[in-house]
Each structure stands twice: as structure tokens, then as C-alpha cells.
$ cat structure.pdb   # PDB, C-alpha atoms
MODEL        1
ATOM      1  CA  MET A   1    -178.356 -62.658 -90.100
ATOM      2  CA  LYS A   2    -174.687 -62.946 -90.905
ATOM      3  CA  THR A   3    -171.866 -61.881 -88.656
ATOM      4  CA  LEU A   4    -169.503 -59.072 -89.574
ATOM      5  CA  GLN A   5    -166.718 -61.640 -90.041
ATOM      6  CA  GLN A   6    -168.823 -63.372 -92.710
ATOM      7  CA  LEU A   7    -169.245 -60.062 -94.531
ATOM      8  CA  LEU A   8    -165.520 -59.320 -94.285
ATOM      9  CA  ASP A   9    -164.757 -62.764 -95.705
ATOM     10  CA  GLY A  10    -166.720 -61.843 -98.830
ATOM     11  CA  LYS A  11    -165.112 -58.440 -99.403
ATOM     12  CA  LYS A  12    -163.100 -57.731-102.541
ATOM     13  CA  TYR A  13    -160.061 -56.434-100.644
ATOM     14  CA  LYS A  14    -159.041 -58.724 -97.796
ATOM     15  CA  GLU A  15    -156.289 -56.455 -96.478
ATOM     16  CA  VAL A  16    -157.009 -53.439 -94.296
ATOM     17  CA  ILE A  17    -156.528 -50.332 -96.402
ATOM     18  CA  SER A  18    -155.147 -47.655 -94.110
ATOM     19  CA  ILE A  19    -153.001 -44.570 -93.812
ATOM     20  CA  ALA A  20    -150.681 -43.184 -91.129
ATOM     21  CA  PRO A  21    -151.710 -39.977 -89.326
ATOM     22  CA  HIS A  22    -148.601 -38.036 -90.387
ATOM     23  CA  ARG A  23    -149.204 -38.554 -94.120
ATOM     24  CA  PRO A  24    -150.645 -35.709 -96.216
ATOM     25  CA  VAL A  25    -154.318 -35.700 -97.163
ATOM     26  CA  PHE A  26    -153.325 -35.897-100.841
ATOM     27  CA  ASP A  27    -151.886 -39.396-100.272
ATOM     28  CA  ALA A  28    -155.196 -40.504 -98.756
ATOM     29  CA  LEU A  29    -157.104 -39.151-101.756
ATOM     30  CA  VAL A  30    -154.885 -41.154-104.108
ATOM     31  CA  ILE A  31    -155.576 -44.341-102.116
ATOM     32  CA  LEU A  32    -159.323 -43.665-101.982
ATOM     33  CA  ALA A  33    -159.404 -43.189-105.754
ATOM     34  CA  GLU A  34    -157.209 -46.217-106.463
ATOM     35  CA  TYR A  35    -159.394 -48.586-104.442
ATOM     36  CA  LYS A  36    -162.666 -46.776-105.231
ATOM     37  CA  ILE A  37    -163.578 -46.533-101.537
ATOM     38  CA  GLY A  38    -164.949 -43.731 -99.365
ATOM     39  CA  ALA A  39    -162.811 -43.946 -96.226
ATOM     40  CA  LEU A  40    -159.539 -45.136 -94.745
ATOM     41  CA  VAL A  41    -158.743 -46.219 -91.235
ATOM     42  CA  VAL A  42    -155.933 -44.181 -89.734
ATOM     43  CA  LEU A  43    -153.406 -46.413 -88.008
ATOM     44  CA  ASP A  44    -150.440 -45.425 -85.875
ATOM     45  CA  GLY A  45    -148.574 -48.693 -86.152
ATOM     46  CA  GLU A  46    -151.368 -51.194 -85.491
ATOM     47  CA  ASN A  47    -153.365 -48.805 -83.267
ATOM     48  CA  LEU A  48    -156.583 -47.332 -84.636
ATOM     49  CA  VAL A  49    -156.440 -43.562 -84.104
ATOM     50  CA  GLY A  50    -159.093 -42.331 -86.534
ATOM     51  CA  ILE A  51    -160.942 -42.536 -89.810
ATOM     52  CA  PHE A  52    -160.466 -40.288 -92.815
ATOM     53  CA  SER A  53    -163.353 -40.071 -95.262
ATOM     54  CA  GLU A  54    -164.398 -38.105 -98.302
ATOM     55  CA  ARG A  55    -166.708 -36.236 -95.927
ATOM     56  CA  ASP A  56    -163.715 -35.198 -93.777
ATOM     57  CA  TYR A  57    -161.953 -33.995 -96.905
ATOM     58  CA  ALA A  58    -164.915 -31.873 -97.993
ATOM     59  CA  ARG A  59    -165.612 -30.393 -94.567
ATOM     60  CA  GLU A  60    -162.137 -30.033 -93.104
ATOM     61  CA  VAL A  61    -159.921 -29.375 -96.125
ATOM     62  CA  ILE A  62    -161.861 -27.924 -99.045
ATOM     63  CA  LEU A  63    -164.347 -25.790 -97.123
ATOM     64  CA  LYS A  64    -161.608 -24.439 -94.862
ATOM     65  CA  GLY A  65    -159.270 -23.613 -97.735
ATOM     66  CA  LYS A  66    -156.507 -25.990 -96.634
ATOM     67  CA  SER A  67    -154.051 -27.652 -98.997
ATOM     68  CA  SER A  68    -154.334 -31.409 -99.400
ATOM     69  CA  LYS A  69    -150.595 -31.599-100.075
ATOM     70  CA  THR A  70    -149.533 -29.889 -96.837
ATOM     71  CA  THR A  71    -152.292 -30.855 -94.399
ATOM     72  CA  ALA A  72    -151.659 -33.989 -92.344
ATOM     73  CA  ILE A  73    -154.364 -36.616 -91.965
ATOM     74  CA  SER A  74    -154.204 -36.167 -88.165
ATOM     75  CA  GLU A  75    -155.405 -32.565 -88.562
ATOM     76  CA  VAL A  76    -158.631 -33.473 -90.358
ATOM     77  CA  MET A  77    -159.511 -37.090 -89.525
ATOM     78  CA  SER A  78    -162.423 -38.120 -87.335
ATOM     79  CA  SER A  79    -160.766 -39.258 -84.115
ATOM     80  CA  LYS A  80    -163.945 -40.471 -82.382
ATOM     81  CA  VAL A  81    -164.204 -43.955 -83.884
ATOM     82  CA  TRP A  82    -166.999 -46.439 -83.278
ATOM     83  CA  SER A  83    -166.115 -50.059 -83.912
ATOM     84  CA  ALA A  84    -167.567 -53.547 -83.773
ATOM     85  CA  LYS A  85    -166.368 -57.116 -83.249
ATOM     86  CA  PRO A  86    -166.229 -59.888 -85.864
ATOM     87  CA  ASP A  87    -168.981 -61.881 -84.152
ATOM     88  CA  ASP A  88    -171.405 -58.931 -84.038
ATOM     89  CA  THR A  89    -174.391 -59.203 -86.370
ATOM     90  CA  VAL A  90    -175.212 -57.097 -89.400
ATOM     91  CA  GLU A  91    -178.336 -55.953 -87.567
ATOM     92  CA  TYR A  92    -176.264 -54.738 -84.585
ATOM     93  CA  ALA A  93    -173.802 -52.919 -86.856
ATOM     94  CA  MET A  94    -176.612 -51.185 -88.770
ATOM     95  CA  SER A  95    -178.132 -50.054 -85.497
ATOM     96  CA  LEU A  96    -174.781 -48.709 -84.265
ATOM     97  CA  MET A  97    -174.078 -46.885 -87.530
ATOM     98  CA  THR A  98    -177.569 -45.380 -87.661
ATOM     99  CA  GLU A  99    -177.471 -44.260 -84.035
ATOM    100  CA  HIS A 100    -174.089 -42.551 -84.407
ATOM    101  CA  ARG A 101    -174.646 -41.361 -87.997
ATOM    102  CA  ILE A 102    -171.498 -42.974 -89.364
ATOM    103  CA  ARG A 103    -170.895 -44.543 -92.773
ATOM    104  CA  HIS A 104    -167.841 -46.695 -92.075
ATOM    105  CA  LEU A 105    -167.321 -49.164 -89.256
ATOM    106  CA  PRO A 106    -163.950 -50.692 -88.389
ATOM    107  CA  VAL A 107    -164.114 -54.278 -87.168
ATOM    108  CA  LEU A 108    -161.613 -55.014 -84.382
ATOM    109  CA  GLU A 109    -160.352 -58.275 -82.969
ATOM    110  CA  ASN A 110    -158.086 -58.043 -79.913
ATOM    111  CA  ASP A 111    -157.800 -54.272 -80.514
ATOM    112  CA  LYS A 112    -156.490 -54.838 -84.060
ATOM    113  CA  VAL A 113    -158.404 -53.671 -87.140
ATOM    114  CA  ILE A 114    -159.264 -56.694 -89.277
ATOM    115  CA  GLY A 115    -161.510 -54.885 -91.739
ATOM    116  CA  VAL A 116    -163.901 -52.040 -92.442
ATOM    117  CA  LEU A 117    -167.541 -52.244 -93.475
ATOM    118  CA  SER A 118    -169.566 -49.476 -95.071
ATOM    119  CA  ILE A 119    -173.243 -48.785 -94.589
ATOM    120  CA  GLY A 120    -173.622 -49.920 -98.204
ATOM    121  CA  ASP A 121    -172.145 -53.337 -97.333
ATOM    122  CA  LEU A 122    -174.694 -53.720 -94.551
ATOM    123  CA  VAL A 123    -177.667 -52.525 -96.601
ATOM    124  CA  LYS A 124    -176.761 -54.905 -99.437
ATOM    125  CA  GLU A 125    -176.598 -57.842 -97.010
ATOM    126  CA  THR A 126    -179.887 -56.854 -95.385
ATOM    127  CA  ILE A 127    -181.635 -56.785 -98.772
ATOM    128  CA  ILE A 128    -180.238 -60.216 -99.667
ATOM    129  CA  TYR A 129    -181.347 -61.580 -96.290
ATOM    130  CA  GLN A 130    -184.868 -60.185 -96.693
ATOM    131  CA  GLN A 131    -185.190 -61.505-100.252
ATOM    132  CA  THR A 132    -184.158 -64.960 -99.059
ATOM    133  CA  LEU A 133    -186.729 -64.855 -96.274
ATOM    134  CA  ILE A 134    -189.460 -63.813 -98.708
ATOM    135  CA  GLN A 135    -188.559 -66.655-101.089
ATOM    136  CA  GLN A 136    -188.629 -69.170 -98.231
ATOM    137  CA  LEU A 137    -191.997 -67.917 -97.016
ATOM    138  CA  GLU A 138    -193.456 -68.012-100.537
ATOM    139  CA  SER A 139    -192.153 -71.528-100.999
ATOM    140  CA  TYR A 140    -193.635 -72.601 -97.668
ATOM    141  CA  ILE A 141    -197.021 -71.061 -98.494
ATOM    142  CA  LYS A 142    -197.136 -72.767-101.919
ATOM    143  CA  SER A 143    -196.322 -76.213-100.502
TER     144      SER A 143
ENDMDL
END
$ encode --input "structure.pdb" --output "C-alpha cells"
Amino acid sequence: MKTLQQLLDGKKYKEVISIAPHRPVFDALVILAEYKIGALVVLDGENLVGIFSERDYAREVILKGKSSKTTAISEVMSSKVWSAKPDDTVEYAMSLMTEHRIRHLPVLENDKVIGVLSIGDLVKETIIYQQTLIQQLESYIKS
């Protein structure tokens, strides 16, 4: 299976799309919509301090009657963040995400976020990998 770095190399957006913890939730929603993504890493300078997702918005802003224009990201973000390394495998990342019930996984190198992978990225790669294996096995059997 591929490494997480290989998956990051194939992503549409090469830069890390992030937001600062002091910014209002509304700004995060604009970024999520603009890039058509489901989560942002929250960075204080270059330090990972949390993740803000559509799920956080629904549970911590909408359901609690807060205003997205006056609520800071730091008030509603998920601050317990699981991460992986660039040389970790897709299989390892899927296991980690399943175990901790998370949908987005920051990839860190020397404590710096170099990218974010979604569960969808990992599932897509797993399907491609399995299809390739099946084709190879069918080819081997036929020869």
C-alpha cells in the first residue's frame, strides 16, 4: 500500500488549508465552501492546536444557538487531534481513523502539518489498491 506522503503528493491542493484559533467560525465556513472540503486544521503560527469540521459547526454552533460571526474557532474546535507521519501507510491511517472515529487526519513531519487526509481519500486509495490486486491475480490465473 502507498504511504501517506504518496497520497498527499496526489492531492488537488498542495498547500495546507488552515485557520487561526482566534478567527470567527464564519471565516472557516467560507474557506470550507470555497475549497469544497469538510475540515480545516487550526494552526497557532505553525503549531497544530485543533481541527474544525462541519461536524463541529453543527454540534457546537448551530445546536447550541451560537453565532458563527461572533464565536471563535477556539471555542468550538476539536482540540484532541490524532495525527500520522508521511511514511505511515494507508492501512495504518485507516486503522487509526476507525479506532478513534475521526474523519480527517493531519500528517505531520517534524511537528509541522504538511497535509490533511480524509477518510474518503483513504477509502478511494484502498479501492484502487484492491482493484489492482484483483487484476494482477486474474492475469496470473489466466497465464
$ residues_around --input "structure.pdb" --residues "stretch 14-23 of chain A" --least-positions-apart "3" --cutoff "9 Å" --atoms "only C-alpha atoms" --output "number ranges by chain"
A: 8-11, 26-28, 31, 35, 39-45, 49-52, 71-75, 77, 113-116
$ write_last_selection --input "structure.pdb" --atoms "C-alpha atoms" --output "CSV table (one decimal), keeping the file's coordinate frame"
chain,number,residue,atom,x,y,z
A,8,LEU,CA,-165.5,-59.3,-94.3
A,9,ASP,CA,-164.8,-62.8,-95.7
A,10,GLY,CA,-166.7,-61.8,-98.8
A,11,LYS,CA,-165.1,-58.4,-99.4
A,26,PHE,CA,-153.3,-35.9,-100.8
A,27,ASP,CA,-151.9,-39.4,-100.3
A,28,ALA,CA,-155.2,-40.5,-98.8
A,31,ILE,CA,-155.6,-44.3,-102.1
A,35,TYR,CA,-159.4,-48.6,-104.4
A,39,ALA,CA,-162.8,-43.9,-96.2
A,40,LEU,CA,-159.5,-45.1,-94.7
A,41,VAL,CA,-158.7,-46.2,-91.2
A,42,VAL,CA,-155.9,-44.2,-89.7
A,43,LEU,CA,-153.4,-46.4,-88.0
A,44,ASP,CA,-150.4,-45.4,-85.9
A,45,GLY,CA,-148.6,-48.7,-86.2
A,49,VAL,CA,-156.4,-43.6,-84.1
A,50,GLY,CA,-159.1,-42.3,-86.5
A,51,ILE,CA,-160.9,-42.5,-89.8
A,52,PHE,CA,-160.5,-40.3,-92.8
A,71,THR,CA,-152.3,-30.9,-94.4
A,72,ALA,CA,-151.7,-34.0,-92.3
A,73,ILE,CA,-154.4,-36.6,-92.0
A,74,SER,CA,-154.2,-36.2,-88.2
A,75,GLU,CA,-155.4,-32.6,-88.6
A,77,MET,CA,-159.5,-37.1,-89.5
A,113,VAL,CA,-158.4,-53.7,-87.1
A,114,ILE,CA,-159.3,-56.7,-89.3
A,115,GLY,CA,-161.5,-54.9,-91.7
A,116,VAL,CA,-163.9,-52.0,-92.4
$ residues_around --input "structure.pdb" --residues "stretch 64-70 of chain A" --least-positions-apart "3" --cutoff "8 Å" --atoms "all atoms listed in the file" --output "PDB file with C-alpha atoms, in the coordinates of the input"
ATOM      1  CA  PRO A  24    -150.645 -35.709 -96.216  1.00  0.00           C
ATOM      2  CA  VAL A  25    -154.318 -35.700 -97.163  1.00  0.00           C
ATOM      3  CA  PHE A  26    -153.325 -35.897-100.841  1.00  0.00           C
ATOM      4  CA  ASP A  27    -151.886 -39.396-100.272  1.00  0.00           C
ATOM      5  CA  ARG A  59    -165.612 -30.393 -94.567  1.00  0.00           C
ATOM      6  CA  GLU A  60    -162.137 -30.033 -93.104  1.00  0.00           C
ATOM      7  CA  VAL A  61    -159.921 -29.375 -96.125  1.00  0.00           C
TER       8      VAL A  61
END
$ closest_residue --input "structure.pdb" --among "A:Ile127, A:Ser143, A:Gly38, A:Gln136" --to "A:Arg103" --atoms "all atoms listed in the file"
A:Gly38
$ resolve_selection --input "structure.pdb" --expression "the PyMOL selection byres ((chain A and resi 92) around 12)" --output "list of chain:residue names"
A:Met1, A:Lys2, A:Thr3, A:Leu4, A:Ser83, A:Ala84, A:Lys85, A:Pro86, A:Asp87, A:Asp88, A:Thr89, A:Val90, A:Glu91, A:Ala93, A:Met94, A:Ser95, A:Leu96, A:Met97, A:Thr98, A:Glu99, A:Leu105, A:Leu122, A:Thr126
$ closest_residue --input "structure.pdb" --among "A:Leu7, A:Leu48, A:Leu32, A:Ile128" --to "A:Glu109" --atoms "all atoms listed in the file"
A:Leu48
$ closest_residue --input "structure.pdb" --among "A:Gln6, A:Glu138, A:His104, A:Ser53" --to "A:Glu125" --atoms "only C-alpha atoms"
A:Gln6
$ atom_distance --input "structure.pdb" --atom1 "atom CA of A:Leu137" --atom2 "atom CA of A:Gly120"
25.7 Å
$ decode --input "structure.pdb" --residues "stretch 2-141 of chain A" --atoms "C-alpha atoms" --output "PDB file, in the first residue's frame"
ATOM      1  CA  LYS A   2       1.002   3.594  -0.526  1.00  0.00           C
ATOM      2  CA  THR A   3       2.384   5.885   2.117  1.00  0.00           C
ATOM      3  CA  LEU A   4       0.528   8.967   3.289  1.00  0.00           C
ATOM      4  CA  GLN A   5       3.157  11.138   1.572  1.00  0.00           C
ATOM      5  CA  GLN A   6       2.288   9.482  -1.753  1.00  0.00           C
ATOM      6  CA  LEU A   7      -1.385  10.296  -1.204  1.00  0.00           C
ATOM      7  CA  LEU A   8      -0.565  13.893  -0.268  1.00  0.00           C
ATOM      8  CA  ASP A   9       1.524  14.222  -3.429  1.00  0.00           C
ATOM      9  CA  GLY A  10      -1.570  13.406  -5.486  1.00  0.00           C
ATOM     10  CA  LYS A  11      -3.940  15.819  -3.738  1.00  0.00           C
ATOM     11  CA  LYS A  12      -5.549  18.692  -5.625  1.00  0.00           C
ATOM     12  CA  TYR A  13      -4.465  21.332  -3.101  1.00  0.00           C
ATOM     13  CA  LYS A  14      -0.798  21.033  -2.171  1.00  0.00           C
ATOM     14  CA  GLU A  15      -0.872  23.773   0.466  1.00  0.00           C
ATOM     15  CA  VAL A  16      -2.197  23.189   3.970  1.00  0.00           C
ATOM     16  CA  ILE A  17      -5.571  24.881   4.240  1.00  0.00           C
ATOM     17  CA  SER A  18      -5.873  26.167   7.787  1.00  0.00           C
ATOM     18  CA  ILE A  19      -7.337  28.785  10.070  1.00  0.00           C
ATOM     19  CA  ALA A  20      -6.125  30.564  13.212  1.00  0.00           C
ATOM     20  CA  PRO A  21      -7.910  29.831  16.509  1.00  0.00           C
ATOM     21  CA  HIS A  22      -8.935  33.459  17.097  1.00  0.00           C
ATOM     22  CA  ARG A  23     -10.816  33.762  13.790  1.00  0.00           C
ATOM     23  CA  PRO A  24     -14.628  33.590  13.758  1.00  0.00           C
ATOM     24  CA  VAL A  25     -16.391  30.392  12.732  1.00  0.00           C
ATOM     25  CA  PHE A  26     -17.951  32.249   9.787  1.00  0.00           C
ATOM     26  CA  ASP A  27     -14.489  32.678   8.216  1.00  0.00           C
ATOM     27  CA  ALA A  28     -13.913  28.925   8.478  1.00  0.00           C
ATOM     28  CA  LEU A  29     -17.248  28.223   6.788  1.00  0.00           C
ATOM     29  CA  VAL A  30     -16.286  30.483   3.884  1.00  0.00           C
ATOM     30  CA  ILE A  31     -12.985  28.605   3.458  1.00  0.00           C
ATOM     31  CA  LEU A  32     -14.680  25.200   3.685  1.00  0.00           C
ATOM     32  CA  ALA A  33     -17.164  26.223   0.994  1.00  0.00           C
ATOM     33  CA  GLU A  34     -14.518  27.802  -1.241  1.00  0.00           C
ATOM     34  CA  TYR A  35     -12.323  24.694  -1.261  1.00  0.00           C
ATOM     35  CA  LYS A  36     -15.236  22.229  -1.034  1.00  0.00           C
ATOM     36  CA  ILE A  37     -13.675  20.454   1.957  1.00  0.00           C
ATOM     37  CA  GLY A  38     -15.061  19.214   5.272  1.00  0.00           C
ATOM     38  CA  ALA A  39     -12.438  20.347   7.783  1.00  0.00           C
ATOM     39  CA  LEU A  40      -9.614  22.766   8.481  1.00  0.00           C
ATOM     40  CA  VAL A  41      -6.574  22.350  10.651  1.00  0.00           C
ATOM     41  CA  VAL A  42      -6.352  25.044  13.296  1.00  0.00           C
ATOM     42  CA  LEU A  43      -2.847  26.468  13.493  1.00  0.00           C
ATOM     43  CA  ASP A  44      -1.421  28.910  16.009  1.00  0.00           C
ATOM     44  CA  GLY A  45       1.537  30.013  13.943  1.00  0.00           C
ATOM     45  CA  GLU A  46       2.873  26.662  12.723  1.00  0.00           C
ATOM     46  CA  ASN A  47       1.620  24.730  15.778  1.00  0.00           C
ATOM     47  CA  LEU A  48      -1.339  22.394  15.346  1.00  0.00           C
ATOM     48  CA  VAL A  49      -3.866  23.221  18.075  1.00  0.00           C
ATOM     49  CA  GLY A  50      -7.041  21.642  16.702  1.00  0.00           C
ATOM     50  CA  ILE A  51      -9.323  20.723  13.850  1.00  0.00           C
ATOM     51  CA  PHE A  52     -12.544  22.459  12.887  1.00  0.00           C
ATOM     52  CA  SER A  53     -15.035  20.441  10.864  1.00  0.00           C
ATOM     53  CA  GLU A  54     -18.569  20.695   9.584  1.00  0.00           C
ATOM     54  CA  ARG A  55     -19.447  18.313  12.416  1.00  0.00           C
ATOM     55  CA  ASP A  56     -18.040  20.787  14.978  1.00  0.00           C
ATOM     56  CA  TYR A  57     -20.103  23.532  13.381  1.00  0.00           C
ATOM     57  CA  ALA A  58     -23.315  21.505  13.586  1.00  0.00           C
ATOM     58  CA  ARG A  59     -22.772  20.276  17.137  1.00  0.00           C
ATOM     59  CA  GLU A  60     -21.070  23.233  18.780  1.00  0.00           C
ATOM     60  CA  VAL A  61     -22.506  26.255  16.971  1.00  0.00           C
ATOM     61  CA  ILE A  62     -25.882  25.524  15.401  1.00  0.00           C
ATOM     62  CA  LEU A  63     -27.272  23.154  18.025  1.00  0.00           C
ATOM     63  CA  LYS A  64     -26.127  25.430  20.845  1.00  0.00           C
ATOM     64  CA  GLY A  65     -27.568  28.565  19.264  1.00  0.00           C
ATOM     65  CA  LYS A  66     -24.222  30.344  18.898  1.00  0.00           C
ATOM     66  CA  SER A  67     -23.446  32.904  16.212  1.00  0.00           C
ATOM     67  CA  SER A  68     -20.905  31.914  13.582  1.00  0.00           C
ATOM     68  CA  LYS A  69     -19.883  35.561  13.224  1.00  0.00           C
ATOM     69  CA  THR A  70     -19.031  36.084  16.903  1.00  0.00           C
ATOM     70  CA  THR A  71     -17.866  32.637  18.024  1.00  0.00           C
ATOM     71  CA  ALA A  72     -14.127  31.998  17.783  1.00  0.00           C
ATOM     72  CA  ILE A  73     -12.823  28.777  16.270  1.00  0.00           C
ATOM     73  CA  SER A  74     -11.001  28.026  19.554  1.00  0.00           C
ATOM     74  CA  GLU A  75     -14.366  27.799  21.343  1.00  0.00           C
ATOM     75  CA  VAL A  76     -15.752  25.042  19.122  1.00  0.00           C
ATOM     76  CA  MET A  77     -12.831  23.196  17.506  1.00  0.00           C
ATOM     77  CA  SER A  78     -11.806  19.658  18.379  1.00  0.00           C
ATOM     78  CA  SER A  79      -8.597  20.114  20.354  1.00  0.00           C
ATOM     79  CA  LYS A  80      -7.777  16.404  20.735  1.00  0.00           C
ATOM     80  CA  VAL A  81      -6.044  15.787  17.406  1.00  0.00           C
ATOM     81  CA  TRP A  82      -4.753  12.453  16.152  1.00  0.00           C
ATOM     82  CA  SER A  83      -2.053  12.650  13.514  1.00  0.00           C
ATOM     83  CA  ALA A  84       0.192  10.478  11.384  1.00  0.00           C
ATOM     84  CA  LYS A  85       3.601  10.678   9.715  1.00  0.00           C
ATOM     85  CA  PRO A  86       4.306  10.884   5.973  1.00  0.00           C
ATOM     86  CA  ASP A  87       5.852   7.408   5.894  1.00  0.00           C
ATOM     87  CA  ASP A  88       2.858   5.754   7.594  1.00  0.00           C
ATOM     88  CA  THR A  89       0.770   3.504   5.357  1.00  0.00           C
ATOM     89  CA  VAL A  90      -2.791   3.997   4.187  1.00  0.00           C
ATOM     90  CA  GLU A  91      -3.691   0.834   6.087  1.00  0.00           C
ATOM     91  CA  TYR A  92      -2.265   2.262   9.341  1.00  0.00           C
ATOM     92  CA  ALA A  93      -4.086   5.574   8.850  1.00  0.00           C
ATOM     93  CA  MET A  94      -7.410   3.824   8.178  1.00  0.00           C
ATOM     94  CA  SER A  95      -6.963   1.784  11.333  1.00  0.00           C
ATOM     95  CA  LEU A  96      -6.181   4.903  13.385  1.00  0.00           C
ATOM     96  CA  MET A  97      -9.146   6.827  11.976  1.00  0.00           C
ATOM     97  CA  THR A  98     -11.534   3.916  12.519  1.00  0.00           C
ATOM     98  CA  GLU A  99     -10.341   3.301  16.069  1.00  0.00           C
ATOM     99  CA  HIS A 100     -10.715   6.952  17.081  1.00  0.00           C
ATOM    100  CA  ARG A 101     -13.801   7.638  14.930  1.00  0.00           C
ATOM    101  CA  ILE A 102     -12.278  10.597  13.113  1.00  0.00           C
ATOM    102  CA  ARG A 103     -12.775  11.714   9.515  1.00  0.00           C
ATOM    103  CA  HIS A 104      -9.726  13.922   8.991  1.00  0.00           C
ATOM    104  CA  LEU A 105      -6.107  13.123   9.750  1.00  0.00           C
ATOM    105  CA  PRO A 106      -3.333  15.722   9.764  1.00  0.00           C
ATOM    106  CA  VAL A 107       0.020  14.454   8.528  1.00  0.00           C
ATOM    107  CA  LEU A 108       2.965  15.906  10.472  1.00  0.00           C
ATOM    108  CA  GLU A 109       6.654  15.997   9.697  1.00  0.00           C
ATOM    109  CA  ASN A 110       8.933  17.372  12.425  1.00  0.00           C
ATOM    110  CA  ASP A 111       5.825  18.632  14.272  1.00  0.00           C
ATOM    111  CA  LYS A 112       4.726  20.671  11.232  1.00  0.00           C
ATOM    112  CA  VAL A 113       1.486  19.943   9.365  1.00  0.00           C
ATOM    113  CA  ILE A 114       2.313  19.030   5.769  1.00  0.00           C
ATOM    114  CA  GLY A 115      -1.184  17.969   4.756  1.00  0.00           C
ATOM    115  CA  VAL A 116      -4.541  16.538   5.749  1.00  0.00           C
ATOM    116  CA  LEU A 117      -6.179  13.346   4.527  1.00  0.00           C
ATOM    117  CA  SER A 118      -9.850  12.478   4.798  1.00  0.00           C
ATOM    118  CA  ILE A 119     -11.340   9.050   5.314  1.00  0.00           C
ATOM    119  CA  GLY A 120     -12.611   9.395   1.741  1.00  0.00           C
ATOM    120  CA  ASP A 121      -9.031   9.797   0.459  1.00  0.00           C
ATOM    121  CA  LEU A 122      -8.048   6.587   2.222  1.00  0.00           C
ATOM    122  CA  VAL A 123     -11.092   4.599   1.103  1.00  0.00           C
ATOM    123  CA  LYS A 124     -10.552   5.671  -2.516  1.00  0.00           C
ATOM    124  CA  GLU A 125      -6.914   4.536  -2.379  1.00  0.00           C
ATOM    125  CA  THR A 126      -7.865   1.238  -0.750  1.00  0.00           C
ATOM    126  CA  ILE A 127     -10.384   0.503  -3.516  1.00  0.00           C
ATOM    127  CA  ILE A 128      -7.801   1.292  -6.204  1.00  0.00           C
ATOM    128  CA  TYR A 129      -5.260  -0.940  -4.458  1.00  0.00           C
ATOM    129  CA  GLN A 130      -7.725  -3.831  -4.200  1.00  0.00           C
ATOM    130  CA  GLN A 131      -8.804  -3.489  -7.837  1.00  0.00           C
ATOM    131  CA  THR A 132      -5.165  -3.597  -8.922  1.00  0.00           C
ATOM    132  CA  LEU A 133      -4.560  -6.722  -6.861  1.00  0.00           C
ATOM    133  CA  ILE A 134      -7.620  -8.415  -8.358  1.00  0.00           C
ATOM    134  CA  GLN A 135      -6.476  -7.570 -11.899  1.00  0.00           C
ATOM    135  CA  GLN A 136      -2.999  -8.944 -11.183  1.00  0.00           C
ATOM    136  CA  LEU A 137      -4.406 -12.150  -9.723  1.00  0.00           C
ATOM    137  CA  GLU A 138      -6.777 -12.614 -12.672  1.00  0.00           C
ATOM    138  CA  SER A 139      -3.921 -12.046 -15.078  1.00  0.00           C
ATOM    139  CA  TYR A 140      -1.751 -14.552 -13.220  1.00  0.00           C
ATOM    140  CA  ILE A 141      -4.516 -17.173 -13.196  1.00  0.00           C
TER     141      ILE A 141
END
